[in-house]
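Okay, upload24.cif now, which holds mmCIF, C-alpha atoms, pLDDT in the B column; chains and numbers go by the auth columns:
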data_protein
#
loop_
_atom_site.group_PDB
_atom_site.id
_atom_site.type_symbol
_atom_site.label_atom_id
_atom_site.label_comp_id
_atom_site.label_asym_id
_atom_site.label_seq_id
_atom_site.Cartn_x
_atom_site.Cartn_y
_atom_site.Cartn_z
_atom_site.B_iso_or_equiv
_atom_site.auth_seq_id
_atom_site.auth_asym_id
ATOM 1 C CA MET A 1 -9.915 -10.565 -1.354 53.00 1 J
ATOM 2 C CA GLU A 2 -6.887 -12.341 -2.764 60.00 2 J
ATOM 3 C CA ALA A 3 -3.812 -10.151 -3.176 68.00 3 J
ATOM 4 C CA PRO A 4 -2.219 -9.610 -6.590 76.00 4 J
ATOM 5 C CA GLU A 5 0.886 -11.679 -7.324 88.00 5 J
ATOM 6 C CA SER A 6 3.444 -8.951 -6.604 92.00 6 J
ATOM 7 C CA LEU A 7 1.909 -8.191 -3.193 94.00 7 J
ATOM 8 C CA ASP A 8 2.063 -11.912 -2.408 93.00 8 J
ATOM 9 C CA GLN A 9 5.774 -11.815 -3.249 95.00 9 J
ATOM 10 C CA LEU A 10 6.327 -8.929 -0.818 95.00 10 J
ATOM 11 C CA ARG A 11 4.507 -10.918 1.855 94.00 11 J
ATOM 12 C CA ALA A 12 6.547 -14.074 1.117 95.00 12 J
ATOM 13 C CA LEU A 13 9.777 -12.070 1.437 96.00 13 J
ATOM 14 C CA GLY A 14 8.674 -10.569 4.762 95.00 14 J
ATOM 15 C CA ARG A 15 8.553 -7.067 3.235 96.00 15 J
ATOM 16 C CA MET A 16 4.812 -6.809 3.966 96.00 16 J
ATOM 17 C CA VAL A 17 3.603 -8.104 7.351 96.00 17 J
ATOM 18 C CA TRP A 18 -0.041 -8.286 8.512 96.00 18 J
ATOM 19 C CA LEU A 19 -0.771 -6.599 11.844 94.00 19 J
ATOM 20 C CA GLY A 20 -4.037 -8.215 12.929 91.00 20 J
ATOM 21 C CA PRO A 21 -4.946 -5.872 15.809 91.00 21 J
ATOM 22 C CA ALA A 22 -4.437 -2.842 13.524 92.00 22 J
ATOM 23 C CA HIS A 23 -6.183 -4.490 10.536 95.00 23 J
ATOM 24 C CA GLY A 24 -3.356 -3.261 8.310 96.00 24 J
ATOM 25 C CA TRP A 25 0.042 -4.042 6.862 96.00 25 J
ATOM 26 C CA MET A 26 3.497 -3.014 8.010 96.00 26 J
ATOM 27 C CA ALA A 27 5.223 -2.187 4.714 96.00 27 J
ATOM 28 C CA GLU A 28 7.148 0.457 2.791 94.00 28 J
ATOM 29 C CA PRO A 29 4.729 2.462 0.625 95.00 29 J
ATOM 30 C CA GLU A 30 7.160 2.614 -2.309 95.00 30 J
ATOM 31 C CA GLU A 31 7.405 -1.184 -2.378 96.00 31 J
ATOM 32 C CA VAL A 32 3.614 -1.616 -2.271 97.00 32 J
ATOM 33 C CA MET A 33 3.084 1.009 -4.991 96.00 33 J
ATOM 34 C CA GLY A 34 5.774 -0.677 -7.093 96.00 34 J
ATOM 35 C CA ALA A 35 4.131 -4.079 -6.652 96.00 35 J
ATOM 36 C CA LEU A 36 0.722 -2.739 -7.653 97.00 36 J
ATOM 37 C CA SER A 37 2.269 -0.996 -10.672 97.00 37 J
ATOM 38 C CA HIS A 38 3.999 -4.239 -11.640 95.00 38 J
ATOM 39 C CA ASP A 39 0.581 -5.941 -11.588 95.00 39 J
ATOM 40 C CA GLY A 40 -0.829 -3.439 -14.097 96.00 40 J
ATOM 41 C CA PHE A 41 -2.122 -0.569 -11.957 97.00 41 J
ATOM 42 C CA GLN A 42 -1.228 2.841 -13.358 98.00 42 J
ATOM 43 C CA GLU A 43 -0.895 5.695 -10.873 97.00 43 J
ATOM 44 C CA VAL A 44 -3.841 8.092 -10.879 97.00 44 J
ATOM 45 C CA LYS A 45 -3.280 9.883 -7.570 97.00 45 J
ATOM 46 C CA TYR A 46 -0.358 10.164 -5.166 96.00 46 J
ATOM 47 C CA GLU A 47 -0.389 12.547 -2.210 95.00 47 J
ATOM 48 C CA THR A 48 1.618 12.781 0.988 93.00 48 J
ATOM 49 C CA ALA A 49 0.848 14.573 4.240 91.00 49 J
ATOM 50 C CA ARG A 50 3.792 16.323 5.804 85.00 50 J
ATOM 51 C CA LEU A 51 4.885 19.071 8.116 83.00 51 J
ATOM 52 C CA PRO A 52 7.512 21.534 6.852 87.00 52 J
ATOM 53 C CA ARG A 53 11.069 20.120 6.909 86.00 53 J
ATOM 54 C CA ARG A 54 9.890 16.713 8.152 82.00 54 J
ATOM 55 C CA PRO A 55 9.370 13.317 6.526 80.00 55 J
ATOM 56 C CA PRO A 56 5.823 12.508 5.375 80.00 56 J
ATOM 57 C CA THR A 57 3.408 11.505 8.146 89.00 57 J
ATOM 58 C CA GLY A 58 1.216 9.545 5.747 94.00 58 J
ATOM 59 C CA GLY A 59 -0.183 9.419 2.266 96.00 59 J
ATOM 60 C CA VAL A 60 -2.496 7.934 -0.308 98.00 60 J
ATOM 61 C CA TRP A 61 -1.945 6.244 -3.677 98.00 61 J
ATOM 62 C CA GLN A 62 -4.585 5.188 -6.186 98.00 62 J
ATOM 63 C CA GLY A 63 -4.090 3.309 -9.410 98.00 63 J
ATOM 64 C CA LEU A 64 -6.271 2.061 -12.243 98.00 64 J
ATOM 65 C CA ASN A 65 -5.689 -1.158 -14.151 97.00 65 J
ATOM 66 C CA PRO A 66 -6.743 -0.177 -17.698 97.00 66 J
ATOM 67 C CA ARG A 67 -7.009 -3.818 -18.773 96.00 67 J
ATOM 68 C CA THR A 68 -9.455 -4.868 -16.036 95.00 68 J
ATOM 69 C CA GLY A 69 -10.902 -1.539 -14.884 97.00 69 J
ATOM 70 C CA ALA A 70 -9.968 -2.387 -11.274 96.00 70 J
ATOM 71 C CA VAL A 71 -8.993 0.421 -8.892 98.00 71 J
ATOM 72 C CA ALA A 72 -6.349 -0.099 -6.197 98.00 72 J
ATOM 73 C CA SER A 73 -5.944 2.180 -3.179 98.00 73 J
ATOM 74 C CA ALA A 74 -3.188 2.287 -0.595 98.00 74 J
ATOM 75 C CA ILE A 75 -3.264 4.547 2.461 98.00 75 J
ATOM 76 C CA TRP A 76 -0.418 4.729 4.948 97.00 76 J
ATOM 77 C CA VAL A 77 0.330 6.325 8.291 95.00 77 J
ATOM 78 C CA ALA A 78 3.813 6.818 9.685 90.00 78 J
ATOM 79 C CA ARG A 79 4.648 5.020 12.912 82.00 79 J
ATOM 80 C CA ALA A 80 7.676 5.226 15.207 74.00 80 J
ATOM 81 C CA GLN A 81 10.741 6.290 13.255 73.00 81 J
ATOM 82 C CA SER A 82 12.291 2.827 13.479 72.00 82 J
ATOM 83 C CA GLU A 83 9.194 1.016 12.145 84.00 83 J
ATOM 84 C CA ARG A 84 7.699 0.686 8.694 88.00 84 J
ATOM 85 C CA PRO A 85 4.445 2.595 8.106 94.00 85 J
ATOM 86 C CA LEU A 86 1.030 1.055 8.705 96.00 86 J
ATOM 87 C CA MET A 87 -0.742 0.520 5.364 97.00 87 J
ATOM 88 C CA PHE A 88 -4.301 -0.211 4.327 98.00 88 J
ATOM 89 C CA ILE A 89 -4.698 -1.669 0.826 97.00 89 J
ATOM 90 C CA ASP A 90 -7.843 -2.383 -1.146 97.00 90 J
ATOM 91 C CA ILE A 91 -8.811 -3.276 -4.688 96.00 91 J
ATOM 92 C CA ASP A 92 -12.254 -2.284 -5.949 96.00 92 J
ATOM 93 C CA GLY A 93 -13.295 -1.548 -2.360 94.00 93 J
ATOM 94 C CA ASN A 94 -12.266 -4.985 -1.073 95.00 94 J
ATOM 95 C CA ALA A 95 -9.602 -4.912 1.627 95.00 95 J
ATOM 96 C CA ILE A 96 -6.449 -6.954 1.118 95.00 96 J
ATOM 97 C CA THR A 97 -6.051 -8.705 4.465 94.00 97 J
ATOM 98 C CA GLY A 98 -3.621 -11.158 5.986 88.00 98 J
#

Turn the structure described in the file into structure tokens.
Amino acid sequence: MEAPESLDQLRALGRMVWLGPAHGWMAEPEEVMGALSHDGFQEVKYETARLPRRPPTGGVWQGLNPRTGAVASAIWVARAQSERPLMFIDIDGNAITG
């Protein structure tokens, strides 16, 4: 599936990088959620997984575009502290791939 315009901009700026062997994206969740929101998706669900007194180890975000009825989902898993999280993004069940 073709990525929305704002996700394409993140990719063009090197802020979202495809990791082929992992079948996911290396990106900051806040930037991806912001890009999806900019493209008309309104947040429906946002949850993080965390241990007490530690940064989140992962999370999920879902948004609905009220104009088109499309649903976007982003799931992320923390990686080594120095690396951006691994993200999986789909729209209406179709994966956004590199």

(Q) When you look at segment 80-94 of chain J with a cut-off of 9 Å (counting only C-alpha atoms), what residues show up, excluding the ones that are within fewer than 4 positions of it in the same chain? I need them as a PyMOL selection string. (A) chain J and resi 1+3+19+22-29+32+57-58+70-76

Given the file shown, determine the residues that the PyMOL selection byres ((chain J and resi 16) around 9) selects; report them as a CSV table (one decimal) with C-alpha atoms, in the coordinates of the input.
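Result went into selection-v2.csv, see below:
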chain,number,residue,atom,x,y,z
J,7,LEU,CA,1.9,-8.2,-3.2
J,8,ASP,CA,2.1,-11.9,-2.4
J,9,GLN,CA,5.8,-11.8,-3.2
J,10,LEU,CA,6.3,-8.9,-0.8
J,11,ARG,CA,4.5,-10.9,1.9
J,12,ALA,CA,6.5,-14.1,1.1
J,13,LEU,CA,9.8,-12.1,1.4
J,14,GLY,CA,8.7,-10.6,4.8
J,15,ARG,CA,8.6,-7.1,3.2
J,17,VAL,CA,3.6,-8.1,7.4
J,18,TRP,CA,0.0,-8.3,8.5
J,25,TRP,CA,0.0,-4.0,6.9
J,26,MET,CA,3.5,-3.0,8.0
J,27,ALA,CA,5.2,-2.2,4.7
J,28,GLU,CA,7.1,0.5,2.8
J,31,GLU,CA,7.4,-1.2,-2.4
J,32,VAL,CA,3.6,-1.6,-2.3

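You will find atom CA of Val44 of chain J at 6.6 Å from atom CA of Leu64 of chain J.
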
Q | Atomic distance atom CA of Ala49 of chain J - atom CA of Leu36 of chain J, expressed in Å with one decimal | A | 21.0 Å

Q | Evaluate the PyMOL selection byres ((chain J and resi 40-42) around 6) and report residues as number ranges by chain | A | J: 36-39, 43, 63-65

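Using all atoms listed in the file for every distance, the candidate list J:Thr48, J:Ala78, J:Thr68, J:Trp61 yields J:Trp61 as the residue closest to Gly34 of chain J.
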
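Distances here use all atoms listed in the file; by that measure, the residue among J:Glu47, J:Gln62, J:Ala35, J:Pro55 closest to Pro4 of chain J is J:Ala35.
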
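Note that atom CA of Ser6 of chain J and atom CA of Thr97 of chain J are 14.6 Å apart.
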
Put a box with edges along x, y and z around all the listed atoms of segment 76-81 of chain J, pad it by 8 Å on each side, then give me its centre and sizes in Å, one decimal, as AutoDock Vina command-line options.
--center_x 5.2 --center_y 5.8 --center_z 10.1 --size_x 27.2 --size_y 18.1 --size_z 26.3

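Among J:Gly59, J:Arg67, J:Ala95, J:Arg53, the residue with the shortest atom-to-atom distance to Glu30 of chain J, counting all atoms listed in the file, is J:Gly59.
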